[in-house]
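Novice: Pasting my_file-v8.tsv here (TSV, C-alpha atoms and all ligand atoms):
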```tsv
chain	number	residue	atom	x	y	z
A	24	MET	CA	0.00	0.00	0.00
A	25	ALA	CA	1.20	3.48	-0.79
A	26	LYS	CA	0.73	7.03	0.41
A	27	ILE	CA	-0.70	9.10	-2.43
A	28	LEU	CA	-0.91	12.87	-2.76
A	29	VAL	CA	-4.04	13.83	-4.71
A	30	THR	CA	-4.01	17.42	-5.96
A	31	GLY	CA	-7.50	18.72	-6.71
A	32	GLY	CA	-8.88	15.77	-4.75
A	33	ALA	CA	-12.06	17.59	-3.69
A	34	GLY	CA	-13.18	17.96	-7.32
A	35	TYR	CA	-15.39	15.73	-9.42
A	36	ILE	CA	-12.87	13.15	-10.65
A	37	GLY	CA	-10.55	13.63	-7.65
A	38	SER	CA	-13.19	12.79	-5.04
A	39	HIS	CA	-14.18	9.59	-6.89
A	40	THR	CA	-10.51	8.64	-7.13
A	41	CYS	CA	-10.06	9.24	-3.38
A	42	VAL	CA	-12.89	6.76	-2.73
A	43	GLU	CA	-11.24	4.12	-4.91
A	44	LEU	CA	-7.78	4.74	-3.37
A	45	LEU	CA	-9.12	4.50	0.19
A	46	THR	CA	-11.12	1.39	-0.68
A	47	ALA	CA	-7.96	-0.21	-2.08
A	48	GLY	CA	-6.21	0.49	1.24
A	49	HIS	CA	-3.98	3.41	0.22
A	50	ASP	CA	-3.27	6.40	2.45
A	51	VAL	CA	-4.55	9.58	0.86
A	52	VAL	CA	-3.42	13.18	1.28
A	53	VAL	CA	-5.41	15.82	-0.61
A	54	ILE	CA	-4.39	19.37	-1.45
A	55	ASP	CA	-7.14	21.53	-2.93
A	56	ASN	CA	-7.79	25.28	-2.84
A	57	LEU	CA	-11.56	24.64	-3.17
A	58	SER	CA	-11.75	27.11	-6.07
A	59	ASN	CA	-14.16	24.78	-7.88
A	60	SER	CA	-15.24	22.32	-5.21
A	61	SER	CA	-16.48	21.78	-1.69
A	62	ALA	CA	-14.74	20.03	1.20
A	63	ALA	CA	-18.05	18.19	1.68
A	64	SER	CA	-16.99	15.85	-1.15
A	65	LEU	CA	-14.06	14.70	1.00
A	66	SER	CA	-16.10	14.12	4.15
A	67	ARG	CA	-18.55	12.14	2.05
A	68	ALA	CA	-15.66	10.13	0.56
A	69	GLU	CA	-14.63	9.33	4.16
A	70	GLN	CA	-18.18	8.35	5.11
A	71	LEU	CA	-18.50	6.09	2.06
A	72	THR	CA	-15.25	4.26	2.77
A	73	GLN	CA	-15.24	4.46	6.58
A	74	LYS	CA	-11.62	5.62	6.25
A	75	LYS	CA	-9.85	8.89	6.99
A	76	LEU	CA	-7.82	11.02	4.62
A	77	SER	CA	-5.64	14.10	5.27
A	78	PHE	CA	-6.85	17.33	3.74
A	79	ILE	CA	-4.74	20.45	3.25
A	80	GLU	CA	-6.66	23.46	2.02
A	81	GLY	CA	-4.00	25.11	-0.12
A	82	ASP	CA	-2.82	26.02	-3.57
A	83	ILE	CA	-0.37	23.96	-5.64
A	84	ARG	CA	1.28	27.25	-6.66
A	85	ASP	CA	2.35	27.76	-3.04
A	86	ALA	CA	5.82	26.17	-2.75
A	87	THR	CA	5.94	26.63	1.05
A	88	VAL	CA	2.72	24.71	1.55
A	89	LEU	CA	3.94	21.94	-0.77
A	90	ASP	CA	7.34	21.64	0.97
A	91	GLN	CA	5.63	21.41	4.35
A	92	LEU	CA	3.24	18.77	3.01
A	93	PHE	CA	6.06	16.62	1.63
A	94	GLN	CA	7.95	16.97	4.93
A	95	GLU	CA	4.97	15.91	7.01
A	96	HIS	CA	3.89	13.05	4.76
A	97	SER	CA	6.07	10.40	3.23
A	98	ILE	CA	4.47	10.50	-0.22
A	99	ASP	CA	5.10	7.67	-2.71
A	100	ALA	CA	3.31	9.11	-5.73
A	101	VAL	CA	1.17	12.03	-6.86
A	102	ILE	CA	-2.08	12.07	-8.82
A	103	HIS	CA	-2.43	15.56	-10.23
A	104	PHE	CA	-5.99	16.72	-10.91
A	105	ALA	CA	-5.71	20.34	-9.72
A	106	GLY	CA	-6.44	22.76	-12.52
A	107	LEU	CA	-9.06	24.91	-14.17
A	108	LYS	CA	-11.20	23.36	-16.89
A	109	ALA	CA	-13.75	25.85	-18.24
A	110	VAL	CA	-13.10	26.03	-21.98
A	111	GLY	CA	-15.01	29.31	-22.54
A	112	GLU	CA	-13.36	31.07	-19.58
A	113	SER	CA	-9.94	29.98	-20.84
A	114	GLN	CA	-10.59	32.03	-23.99
A	115	GLN	CA	-11.52	35.12	-21.96
A	116	ILE	CA	-8.84	34.89	-19.25
A	117	PRO	CA	-5.95	32.90	-20.78
A	118	LEU	CA	-3.39	33.99	-18.21
A	119	ARG	CA	-5.47	32.51	-15.39
A	120	TYR	CA	-5.23	29.14	-17.18
A	121	PHE	CA	-1.54	29.43	-18.01
A	122	ASP	CA	-0.76	30.37	-14.41
A	123	ASN	CA	-2.92	27.73	-12.74
A	124	ASN	CA	-2.52	24.77	-15.08
A	125	ILE	CA	1.02	25.26	-16.39
A	126	GLY	CA	2.52	27.36	-13.55
A	127	GLY	CA	0.79	25.17	-10.93
A	128	THR	CA	2.21	22.00	-12.47
A	129	ILE	CA	5.74	23.45	-12.59
A	130	CYS	CA	5.49	24.42	-8.92
A	131	LEU	CA	4.26	20.92	-8.07
A	132	ILE	CA	6.99	19.04	-9.94
A	133	ARG	CA	9.66	21.30	-8.45
A	134	ALA	CA	8.40	20.43	-4.98
A	135	MET	CA	8.25	16.74	-5.90
A	136	GLN	CA	11.86	16.90	-7.08
A	137	ARG	CA	12.94	18.58	-3.83
A	138	ALA	CA	11.15	15.85	-1.87
A	139	GLY	CA	12.55	13.02	-4.02
A	140	VAL	CA	9.11	11.93	-5.28
A	141	PHE	CA	9.17	11.03	-8.98
A	142	LYS	CA	5.94	9.10	-9.65
A	143	LEU	CA	3.17	11.15	-11.23
A	144	VAL	CA	-0.21	10.55	-12.85
A	145	PHE	CA	-1.42	13.58	-14.79
A	146	SER	CA	-4.99	14.43	-15.89
A	147	SER	CA	-4.69	15.08	-19.57
A	148	SER	CA	-7.45	15.20	-22.15
A	149	ALA	CA	-8.48	13.88	-25.54
A	150	THR	CA	-8.46	17.52	-26.59
A	151	VAL	CA	-4.67	17.24	-27.18
A	152	TYR	CA	-5.21	15.18	-30.38
A	153	ASP	CA	-4.95	16.99	-33.68
A	154	GLU	CA	-8.45	17.61	-35.01
A	155	SER	CA	-7.59	16.08	-38.37
A	156	ASN	CA	-7.23	12.61	-36.79
A	157	ALA	CA	-10.18	10.30	-37.45
A	158	SER	CA	-11.68	8.38	-34.51
A	159	PRO	CA	-10.97	5.96	-32.98
A	160	LEU	CA	-8.07	8.06	-31.68
A	161	ASN	CA	-4.97	6.16	-30.63
A	162	GLU	CA	-1.95	7.37	-28.69
A	163	ASP	CA	0.38	7.17	-31.69
A	164	MET	CA	-1.65	9.76	-33.58
A	165	PRO	CA	-0.24	13.28	-33.67
A	166	THR	CA	-1.25	15.86	-31.12
A	167	GLY	CA	-2.23	19.24	-32.50
A	168	MET	CA	-2.94	22.79	-31.50
A	169	PRO	CA	-6.14	22.59	-29.41
A	170	SER	CA	-8.87	25.05	-30.42
A	171	ASN	CA	-8.92	26.64	-26.95
A	172	ASN	CA	-6.51	27.80	-24.25
A	173	TYR	CA	-7.62	25.17	-21.77
A	174	GLY	CA	-6.62	22.41	-24.19
A	175	TYR	CA	-3.40	24.27	-24.93
A	176	THR	CA	-2.41	24.08	-21.24
A	177	LYS	CA	-2.92	20.28	-21.31
A	178	LEU	CA	-0.74	19.94	-24.41
A	179	ILE	CA	2.03	22.12	-22.95
A	180	VAL	CA	2.04	20.21	-19.65
A	181	GLU	CA	2.16	16.86	-21.52
A	182	GLN	CA	5.14	18.05	-23.55
A	183	MET	CA	6.86	19.48	-20.49
A	184	LEU	CA	6.47	16.21	-18.60
A	185	GLU	CA	7.77	14.20	-21.55
A	186	LYS	CA	10.90	16.36	-21.70
A	187	LEU	CA	11.35	16.13	-17.95
A	188	ALA	CA	11.24	12.32	-18.01
A	189	ALA	CA	13.58	12.24	-21.03
A	190	ALA	CA	16.15	14.33	-19.15
A	191	ASP	CA	15.98	12.45	-15.84
A	192	ASP	CA	15.15	8.75	-15.71
A	193	GLN	CA	14.07	8.90	-12.09
A	194	TRP	CA	10.70	10.17	-13.33
A	195	SER	CA	7.81	7.85	-14.03
A	196	ILE	CA	4.85	9.72	-15.44
A	197	ALA	CA	1.45	8.62	-16.74
A	198	LEU	CA	-0.45	10.99	-19.03
A	199	LEU	CA	-4.08	9.89	-18.89
A	200	ARG	CA	-6.06	11.31	-21.79
A	201	TYR	CA	-9.64	11.36	-20.56
A	202	PHE	CA	-12.49	11.35	-23.02
A	203	ASN	CA	-15.86	12.55	-21.57
A	204	PRO	CA	-16.27	11.70	-17.86
A	205	VAL	CA	-19.88	11.35	-16.67
A	206	GLY	CA	-21.80	9.45	-13.97
A	207	ALA	CA	-21.30	9.40	-10.24
A	208	HIS	CA	-20.64	7.02	-7.35
A	209	LYS	CA	-23.46	4.47	-7.08
A	210	SER	CA	-24.44	5.83	-3.65
A	211	GLY	CA	-25.29	9.23	-5.13
A	212	ARG	CA	-23.28	10.86	-2.30
A	213	ILE	CA	-20.60	12.37	-4.55
A	214	GLY	CA	-20.89	13.63	-8.12
A	215	GLU	CA	-20.31	16.52	-10.49
A	216	ASP	CA	-21.30	19.91	-9.10
A	217	PRO	CA	-20.33	22.68	-11.53
A	218	ASN	CA	-20.51	26.37	-10.61
A	219	GLY	CA	-23.06	28.41	-12.54
A	220	ILE	CA	-24.45	27.30	-15.88
A	221	PRO	CA	-22.87	23.96	-16.84
A	222	ASN	CA	-20.73	23.91	-19.99
A	223	ASN	CA	-20.79	20.15	-20.31
A	224	LEU	CA	-23.64	18.07	-21.64
A	225	MET	CA	-24.35	15.73	-18.72
A	226	PRO	CA	-24.62	18.26	-15.86
A	227	TYR	CA	-26.75	20.47	-18.10
A	228	LEU	CA	-29.04	17.56	-18.91
A	229	THR	CA	-29.43	16.49	-15.26
A	230	GLN	CA	-30.21	20.09	-14.29
A	231	VAL	CA	-32.99	20.09	-16.92
A	232	ALA	CA	-34.23	16.79	-15.49
A	233	VAL	CA	-34.33	18.19	-11.95
A	234	GLY	CA	-36.10	21.37	-13.08
A	235	ARG	CA	-33.24	23.84	-12.62
A	236	ARG	CA	-33.10	24.54	-16.40
A	237	GLN	CA	-35.96	24.61	-18.91
A	238	LYS	CA	-34.62	22.62	-21.82
A	239	LEU	CA	-31.48	21.18	-23.31
A	240	SER	CA	-29.95	22.99	-26.26
A	241	ILE	CA	-28.38	20.50	-28.65
A	242	PHE	CA	-25.49	22.22	-30.36
A	243	GLY	CA	-25.88	21.33	-34.02
A	244	ASN	CA	-27.80	18.60	-35.87
A	245	ASP	CA	-25.99	18.97	-39.17
A	246	TYR	CA	-22.75	17.13	-38.37
A	247	ASP	CA	-21.56	14.28	-40.52
A	248	THR	CA	-22.69	11.71	-37.94
A	249	PRO	CA	-25.50	9.10	-38.03
A	250	ASP	CA	-28.12	11.46	-36.53
A	251	GLY	CA	-26.39	14.78	-37.22
A	252	THR	CA	-25.48	15.49	-33.57
A	253	GLY	CA	-21.97	15.38	-32.07
A	254	VAL	CA	-20.47	12.00	-31.15
A	255	ARG	CA	-18.34	11.54	-28.03
A	256	ASP	CA	-16.89	8.78	-25.86
A	257	TYR	CA	-18.57	8.99	-22.44
A	258	ILE	CA	-16.76	7.20	-19.64
A	259	HIS	CA	-18.13	6.47	-16.15
A	260	VAL	CA	-16.21	8.48	-13.55
A	261	VAL	CA	-15.69	5.37	-11.37
A	262	ASP	CA	-14.06	3.57	-14.32
A	263	LEU	CA	-11.94	6.67	-14.85
A	264	ALA	CA	-11.01	6.77	-11.15
A	265	ASN	CA	-9.94	3.13	-11.33
A	266	ALA	CA	-7.75	3.88	-14.35
A	267	HIS	CA	-5.69	6.07	-12.00
A	268	LEU	CA	-5.11	3.17	-9.64
A	269	CYS	CA	-4.04	0.97	-12.56
A	270	ALA	CA	-1.73	3.71	-13.89
A	271	LEU	CA	-0.31	4.16	-10.41
A	272	ASN	CA	0.50	0.47	-10.07
A	273	HIS	CA	2.14	0.53	-13.48
A	274	ARG	CA	4.16	3.70	-12.80
A	275	LEU	CA	5.32	2.50	-9.38
A	276	LYS	CA	7.21	-0.23	-11.26
A	277	THR	CA	8.41	1.47	-14.48
A	278	GLN	CA	10.21	4.57	-15.70
A	279	GLY	CA	9.57	7.17	-18.40
A	280	CYS	CA	6.56	9.09	-19.59
A	281	ARG	CA	3.72	7.48	-21.51
A	282	ALA	CA	0.19	8.42	-22.61
A	283	TRP	CA	-2.94	6.28	-22.30
A	284	ASN	CA	-6.44	6.98	-23.60
A	285	ILE	CA	-9.15	6.51	-21.01
A	286	GLY	CA	-12.45	6.01	-22.79
A	287	THR	CA	-14.82	3.14	-23.52
A	288	GLY	CA	-14.18	3.13	-27.27
A	289	ASN	CA	-17.89	3.72	-28.00
A	290	GLY	CA	-19.07	6.80	-29.86
A	291	ILE	CA	-22.47	8.05	-28.63
A	292	SER	CA	-24.36	11.03	-30.06
A	293	VAL	CA	-25.90	13.88	-28.08
A	294	LYS	CA	-29.36	12.83	-29.27
A	295	GLN	CA	-28.71	9.25	-28.13
A	296	ILE	CA	-27.65	10.54	-24.72
A	297	ARG	CA	-30.83	12.60	-24.40
A	298	ASP	CA	-33.13	9.81	-25.64
A	299	ASN	CA	-31.51	7.11	-23.49
A	300	PHE	CA	-31.57	9.38	-20.44
A	301	GLU	CA	-35.36	9.64	-20.79
A	302	LYS	CA	-35.70	5.89	-21.30
A	303	VAL	CA	-33.39	4.76	-18.48
A	304	ASN	CA	-34.59	7.28	-15.91
A	305	GLY	CA	-38.22	7.82	-16.90
A	306	VAL	CA	-37.91	11.62	-16.92
A	307	GLU	CA	-38.72	14.02	-19.69
A	308	ILE	CA	-35.95	16.07	-21.31
A	309	PRO	CA	-37.34	18.88	-23.44
A	310	PHE	CA	-34.80	19.96	-26.05
A	311	GLU	CA	-34.22	22.15	-29.07
A	312	TYR	CA	-31.61	22.16	-31.80
A	313	VAL	CA	-29.47	25.28	-31.87
A	314	PRO	CA	-26.46	26.15	-34.04
A	315	ARG	CA	-23.13	24.37	-33.55
A	316	ARG	CA	-20.89	25.51	-30.67
A	317	GLU	CA	-17.63	27.06	-31.83
A	318	GLY	CA	-14.63	24.77	-31.49
A	319	ASP	CA	-16.63	21.50	-31.37
A	320	VAL	CA	-15.64	18.56	-33.57
A	321	ALA	CA	-18.19	16.16	-35.07
A	322	THR	CA	-16.78	12.96	-33.64
A	323	SER	CA	-14.28	11.98	-30.95
A	324	PHE	CA	-13.90	8.53	-29.44
A	325	ALA	CA	-11.02	6.45	-28.15
A	326	ASP	CA	-9.06	3.47	-29.17
A	327	ASN	CA	-8.54	2.20	-25.61
A	328	ALA	CA	-6.53	-0.93	-26.49
A	329	ARG	CA	-3.27	0.41	-25.01
A	330	ALA	CA	-4.79	1.07	-21.58
A	331	ILE	CA	-6.46	-2.35	-21.56
A	332	ALA	CA	-3.28	-4.17	-22.61
A	333	GLU	CA	-0.72	-2.25	-20.57
A	334	LEU	CA	-2.54	-0.99	-17.49
A	335	GLY	CA	-4.73	-4.04	-16.92
A	336	TRP	CA	-7.69	-1.65	-16.86
A	337	GLN	CA	-11.11	-2.40	-18.26
A	338	PRO	CA	-14.19	-0.17	-18.16
A	339	GLN	CA	-16.98	-1.87	-16.20
A	340	TYR	CA	-19.91	0.46	-16.73
A	341	GLY	CA	-22.12	0.93	-19.78
A	342	LEU	CA	-24.22	3.85	-20.94
A	343	ALA	CA	-27.29	2.91	-18.84
A	344	ASP	CA	-25.15	3.00	-15.65
A	345	MET	CA	-23.68	6.37	-16.61
A	346	LEU	CA	-27.13	7.86	-17.17
A	347	ALA	CA	-28.73	6.27	-14.10
A	348	ASP	CA	-25.86	7.25	-11.79
A	349	SER	CA	-25.70	10.85	-13.07
A	350	TRP	CA	-29.43	11.17	-12.39
A	351	ASN	CA	-29.24	9.44	-9.00
A	352	TRP	CA	-26.62	11.98	-7.85
A	353	GLN	CA	-28.54	15.00	-9.19
A	354	LYS	CA	-31.89	13.79	-7.83
A	355	GLN	CA	-30.48	13.24	-4.35
A	356	ASN	CA	-28.54	16.53	-4.45
A	357	PRO	CA	-30.58	18.99	-6.53
A	358	ASN	CA	-28.27	21.81	-5.44
A	359	GLY	CA	-25.08	19.77	-5.49
A	360	PHE	CA	-23.00	19.95	-2.30
A	361	ASN	CA	-24.80	23.15	-1.38
A	362	GLU	CA	-27.56	21.51	0.65
A	363	SER	CA	-29.52	24.68	1.48
B	401	LIG	P1	-12.86	19.86	-10.89
B	401	LIG	O1	-12.87	21.33	-11.15
B	401	LIG	O2	-14.07	19.25	-10.28
B	401	LIG	O3	-11.58	19.48	-10.01
B	401	LIG	C1	-10.39	20.22	-10.03
B	401	LIG	C2	-10.03	20.53	-8.59
B	401	LIG	O4	-8.80	21.25	-8.54
B	401	LIG	C3	-11.08	21.41	-7.89
B	401	LIG	O5	-11.42	20.81	-6.66
B	401	LIG	C4	-10.36	22.74	-7.66
B	401	LIG	O6	-10.80	23.40	-6.50
B	401	LIG	C5	-8.91	22.30	-7.59
B	401	LIG	N1	-7.92	23.32	-7.97
B	401	LIG	C6	-7.89	24.08	-9.08
B	401	LIG	N2	-6.79	24.86	-9.09
B	401	LIG	C7	-6.08	24.55	-7.97
B	401	LIG	C8	-4.86	25.00	-7.43
B	401	LIG	N3	-4.13	25.94	-8.06
B	401	LIG	N4	-4.44	24.49	-6.26
B	401	LIG	C9	-5.17	23.55	-5.62
B	401	LIG	N5	-6.34	23.08	-6.07
B	401	LIG	C10	-6.79	23.57	-7.26
B	401	LIG	O7	-12.52	19.16	-12.29
B	401	LIG	P2	-12.54	17.62	-12.68
B	401	LIG	O8	-13.59	17.42	-13.70
B	401	LIG	O9	-12.52	16.76	-11.47
B	401	LIG	O10	-11.15	17.53	-13.45
B	401	LIG	C11	-9.96	17.11	-12.81
B	401	LIG	C12	-8.81	17.22	-13.79
B	401	LIG	O11	-9.11	16.45	-14.96
B	401	LIG	C13	-8.55	18.64	-14.30
B	401	LIG	O12	-7.17	18.83	-14.43
B	401	LIG	C14	-9.23	18.66	-15.65
B	401	LIG	O13	-8.66	19.60	-16.50
B	401	LIG	C15	-8.97	17.24	-16.12
B	401	LIG	N6	-9.94	16.78	-17.12
B	401	LIG	C16	-11.27	16.88	-16.86
B	401	LIG	C17	-12.21	16.45	-17.82
B	401	LIG	C18	-13.68	16.61	-17.57
B	401	LIG	O14	-14.43	16.63	-18.54
B	401	LIG	N7	-14.15	16.71	-16.33
B	401	LIG	C19	-11.75	15.91	-19.02
B	401	LIG	C20	-10.36	15.82	-19.25
B	401	LIG	C21	-9.47	16.25	-18.27
B	402	LIG	C1	-20.34	16.95	-25.41
B	402	LIG	C2	-21.26	17.03	-26.62
B	402	LIG	C3	-21.51	19.26	-27.49
B	402	LIG	C4	-23.58	20.85	-23.94
B	402	LIG	C5	-15.24	19.13	-23.13
B	402	LIG	C6	-13.87	19.74	-23.27
B	402	LIG	C7	-12.81	18.68	-23.21
B	402	LIG	C8	-12.98	17.83	-21.95
B	402	LIG	C9	-14.38	17.33	-21.79
B	402	LIG	C10	-11.69	18.65	-20.15
B	402	LIG	C11	-20.75	17.96	-27.72
B	402	LIG	C12	-22.83	18.75	-26.94
B	402	LIG	C13	-22.93	20.05	-24.85
B	402	LIG	C14	-24.90	21.29	-24.24
B	402	LIG	C15	-24.81	20.07	-26.32
B	402	LIG	N1	-12.77	18.58	-20.76
B	402	LIG	N2	-23.53	19.66	-26.01
B	402	LIG	N3	-25.46	20.87	-25.42
B	402	LIG	O1	-16.99	19.45	-25.69
B	402	LIG	O2	-16.74	16.94	-25.87
B	402	LIG	O3	-15.43	18.20	-24.19
B	402	LIG	O4	-15.31	18.42	-21.90
B	402	LIG	O5	-10.62	18.25	-20.51
B	402	LIG	O6	-11.58	19.32	-23.24
B	402	LIG	O7	-13.81	20.44	-24.50
B	402	LIG	O8	-17.84	17.91	-23.83
B	402	LIG	O9	-19.88	17.80	-22.48
B	402	LIG	O10	-19.19	20.03	-23.43
B	402	LIG	O11	-20.04	18.28	-24.98
B	402	LIG	O12	-25.36	19.74	-27.36
B	402	LIG	O13	-25.54	22.05	-23.50
B	402	LIG	O14	-22.51	17.59	-26.20
B	402	LIG	O15	-21.69	20.02	-28.64
B	402	LIG	O16	-21.12	17.39	-28.96
B	402	LIG	P1	-16.77	18.17	-25.03
B	402	LIG	P2	-19.25	18.56	-23.58
```
Can I see the file as structure tokens?
Specialist:
Amino acid sequence: MAKILVTGGAGYIGSHTCVELLTAGHDVVVIDNLSNSSAASLSRAEQLTQKKLSFIEGDIRDATVLDQLFQEHSIDAVIHFAGLKAVGESQQIPLRYFDNNIGGTICLIRAMQRAGVFKLVFSSSATVYDESNASPLNEDMPTGMPSNNYGYTKLIVEQMLEKLAAADDQWSIALLRYFNPVGAHKSGRIGEDPNGIPNNLMPYLTQVAVGRRQKLSIFGNDYDTPDGTGVRDYIHVVDLANAHLCALNHRLKTQGCRAWNIGTGNGISVKQIRDNFEKVNGVEIPFEYVPRREGDVATSFADNARAIAELGWQPQYGLADMLADSWNWQKQNPNGFNES
């Protein structure tokens, strides 16, 4: 068993990963500045697992806090989720994204180096692939210039980490390229709780279902896809969380820097998501077609063969679970972690 530092552990994917780490018997230390999350997710993770974790409310850009953390805890490896992820905001305030996502990662790896910790799992994204690649996307395909500044920060950090590992073979780094995480823990106690109007499809859809929003806007029905709406690879957040444990086991034993796609390999359209959500959950989802959203591609889904072969990971959940679990979380927590 290992002691794992989870940056951004109070967030959506981080909190689910904390549950899986604690369940597997690891010790967990979380650092999060709560800029996009609530500490309630961590107390609920503790309740779900009947285990304790250590929480430091702090910023990964604060070297003093990081040094103190590494002195107090004998960390074996780091899972690095902390970062900003709002695509639209990254276009309006690029420097905020460069500072947090790129600057924050540099500060973290410097502190890791000072502490002699060289095992890292990084939250990357399918957005790093060049848009001219046809799906299924595999890790040997070229990366490109992402259409937004958020994606750009992921590409820069990937490249930085690759160069770091090439220069110093003490490093062992996993770049996990997530496709579209959805769903929630089966209990409905933790889940995705975005601030303001959701950018992403699933939280928007569940907020329509719970009556917080009137109807779903489907961005474009004139794509070159079977029903004209965008096709994506939705992956259950618990499967995604478990991919981190598999990557961790792999990286604890090997050196270098390597990328793995984390998706199911199935392309599902927006209309299919909406229709299946109604069918699986028995709730009505009013919708309208509106023009395409700028920067969206028609189709993106993974070739996940490398993760299955090398990490010993396998997604367990299908679309019906993703839709049922997203709804179960939203229904039980209509206002997210804000219970008032
Ligand atoms: P999230 O916003 O729920 O979690 C990120 C967490 O990091 C939040 O708790 C936030 O408070 C914290 N944080 C941000 N900046 C910080 C800083 N400087 N110091 C300390 N804590 C900080 O997002 P998520 O969906 O759980 O995503 C986790 C990671 O996965 C992010 O890096 C994101 O870019 C990446 N990712 C997410 C998706 C997705 O669709 N959700 C897809 C691909 C990659
Ligand atoms: C999915 C599909 C939309 C909302 C984004 C980031 C990516 C990664 C995951 C972090 C698309 C359509 C959406 C709505 C809609 N994040 N849609 N109505 O754009 O695939 O990926 O999140 O790394 O970097 O770009 O996800 O959930 O926003 O959209 O019709 O109200 O749903 O057009 O086809 P996306 P999404």
Novice: Using all atoms listed in the file, can you list as number ranges by chain the residues within 10 Å of (0.1, 19.6, -23.8)?
Specialist: A: 125, 147-148, 150-152, 166-169, 173-185, 198
Novice: Got time to write the residues from that selection, C-alpha atoms, as a CSV table (one decimal), keeping the file's coordinate frame?
Specialist:
```csv
chain,number,residue,atom,x,y,z
A,125,ILE,CA,1.0,25.3,-16.4
A,147,SER,CA,-4.7,15.1,-19.6
A,148,SER,CA,-7.4,15.2,-22.2
A,150,THR,CA,-8.5,17.5,-26.6
A,151,VAL,CA,-4.7,17.2,-27.2
A,152,TYR,CA,-5.2,15.2,-30.4
A,166,THR,CA,-1.2,15.9,-31.1
A,167,GLY,CA,-2.2,19.2,-32.5
A,168,MET,CA,-2.9,22.8,-31.5
A,169,PRO,CA,-6.1,22.6,-29.4
A,173,TYR,CA,-7.6,25.2,-21.8
A,174,GLY,CA,-6.6,22.4,-24.2
A,175,TYR,CA,-3.4,24.3,-24.9
A,176,THR,CA,-2.4,24.1,-21.2
A,177,LYS,CA,-2.9,20.3,-21.3
A,178,LEU,CA,-0.7,19.9,-24.4
A,179,ILE,CA,2.0,22.1,-23.0
A,180,VAL,CA,2.0,20.2,-19.6
A,181,GLU,CA,2.2,16.9,-21.5
A,182,GLN,CA,5.1,18.0,-23.6
A,183,MET,CA,6.9,19.5,-20.5
A,184,LEU,CA,6.5,16.2,-18.6
A,185,GLU,CA,7.8,14.2,-21.6
A,198,LEU,CA,-0.4,11.0,-19.0
```
Novice: Return as CSV the residues of chain A lying at most 7 Å from ligand LIG 401 (chain B), together with the closest atom-to-atom pair for each and the distance in Å to one decimal, counting only C-alpha atoms and all ligand atoms, with rows in chain order and ascending residue number.
Specialist:
```
residue,atom,partner,partner_atom,distance
A:Thr30,CA,B:LIG401,N5,6.1
A:Gly31,CA,B:LIG401,O4,3.4
A:Gly32,CA,B:LIG401,O5,6.0
A:Ala33,CA,B:LIG401,O5,4.4
A:Gly34,CA,B:LIG401,O2,3.3
A:Tyr35,CA,B:LIG401,O9,3.7
A:Ile36,CA,B:LIG401,O9,3.7
A:Gly37,CA,B:LIG401,O9,5.3
A:Ile54,CA,B:LIG401,C9,6.0
A:Asp55,CA,B:LIG401,N5,3.6
A:Asn56,CA,B:LIG401,N5,4.2
A:Leu57,CA,B:LIG401,O6,3.6
A:Ser58,CA,B:LIG401,O6,3.9
A:Asn59,CA,B:LIG401,O6,3.9
A:Ser60,CA,B:LIG401,O5,4.4
A:Gly81,CA,B:LIG401,C9,5.8
A:Asp82,CA,B:LIG401,N4,3.5
A:Ile83,CA,B:LIG401,N4,4.2
A:Arg84,CA,B:LIG401,N3,5.7
A:Phe104,CA,B:LIG401,C12,4.1
A:Ala105,CA,B:LIG401,O4,3.4
A:Gly106,CA,B:LIG401,C6,4.0
A:Leu107,CA,B:LIG401,C6,5.3
A:Lys108,CA,B:LIG401,O13,4.6
A:Asn123,CA,B:LIG401,N3,5.2
A:Gly127,CA,B:LIG401,N3,5.7
A:Ser146,CA,B:LIG401,O11,4.7
A:Ser147,CA,B:LIG401,C21,5.1
A:Ser148,CA,B:LIG401,C20,4.2
A:Ala149,CA,B:LIG401,C20,6.8
A:Arg200,CA,B:LIG401,C20,6.7
A:Tyr201,CA,B:LIG401,C20,4.7
A:Phe202,CA,B:LIG401,C19,6.1
A:Asn203,CA,B:LIG401,O14,5.3
A:Pro204,CA,B:LIG401,O14,5.3
A:Glu215,CA,B:LIG401,O2,6.8
```
Novice: Once 4 Å is added on each side, what centre and edge lengths in Å to one decimal does the axis-aligned box around all listed atoms of ligand LIG 402 (chain B) have, as JSON?
Specialist:
```
{"center_x": -18.1, "center_y": 19.5, "center_z": -24.6, "size_x": 22.9, "size_y": 13.1, "size_z": 16.8}
```
Novice: Quick check, in Å to one decimal: how far apart do atom CA of A:Asp90 and atom CA of A:Leu131 lie?
Specialist: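 Distance between the two atoms: 9.6 Å.
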Novice: Extract, using all atoms listed in the file, all DNA, RNA and protein residues at most 12 Å from A:Gln70, discarding same-chain residues fewer than 5 positions from it, and format them as a ChimeraX atom specification.
Specialist: /A:41-42,45-46,63-65,75-76,210,212-213
Novice: Keeping only C-alpha atoms, write the selected residues to a file as a PDB file, keeping the file's coordinate frame.
Specialist:
```pdb
ATOM      1  CA  CYS A  41     -10.060   9.240  -3.380  1.00  0.00           C
ATOM      2  CA  VAL A  42     -12.890   6.760  -2.730  1.00  0.00           C
ATOM      3  CA  LEU A  45      -9.120   4.500   0.190  1.00  0.00           C
ATOM      4  CA  THR A  46     -11.120   1.390  -0.680  1.00  0.00           C
ATOM      5  CA  ALA A  63     -18.050  18.190   1.680  1.00  0.00           C
ATOM      6  CA  SER A  64     -16.990  15.850  -1.150  1.00  0.00           C
ATOM      7  CA  LEU A  65     -14.060  14.700   1.000  1.00  0.00           C
ATOM      8  CA  LYS A  75      -9.850   8.890   6.990  1.00  0.00           C
ATOM      9  CA  LEU A  76      -7.820  11.020   4.620  1.00  0.00           C
ATOM     10  CA  SER A 210     -24.440   5.830  -3.650  1.00  0.00           C
ATOM     11  CA  ARG A 212     -23.280  10.860  -2.300  1.00  0.00           C
ATOM     12  CA  ILE A 213     -20.600  12.370  -4.550  1.00  0.00           C
TER      13      ILE A 213
END
```
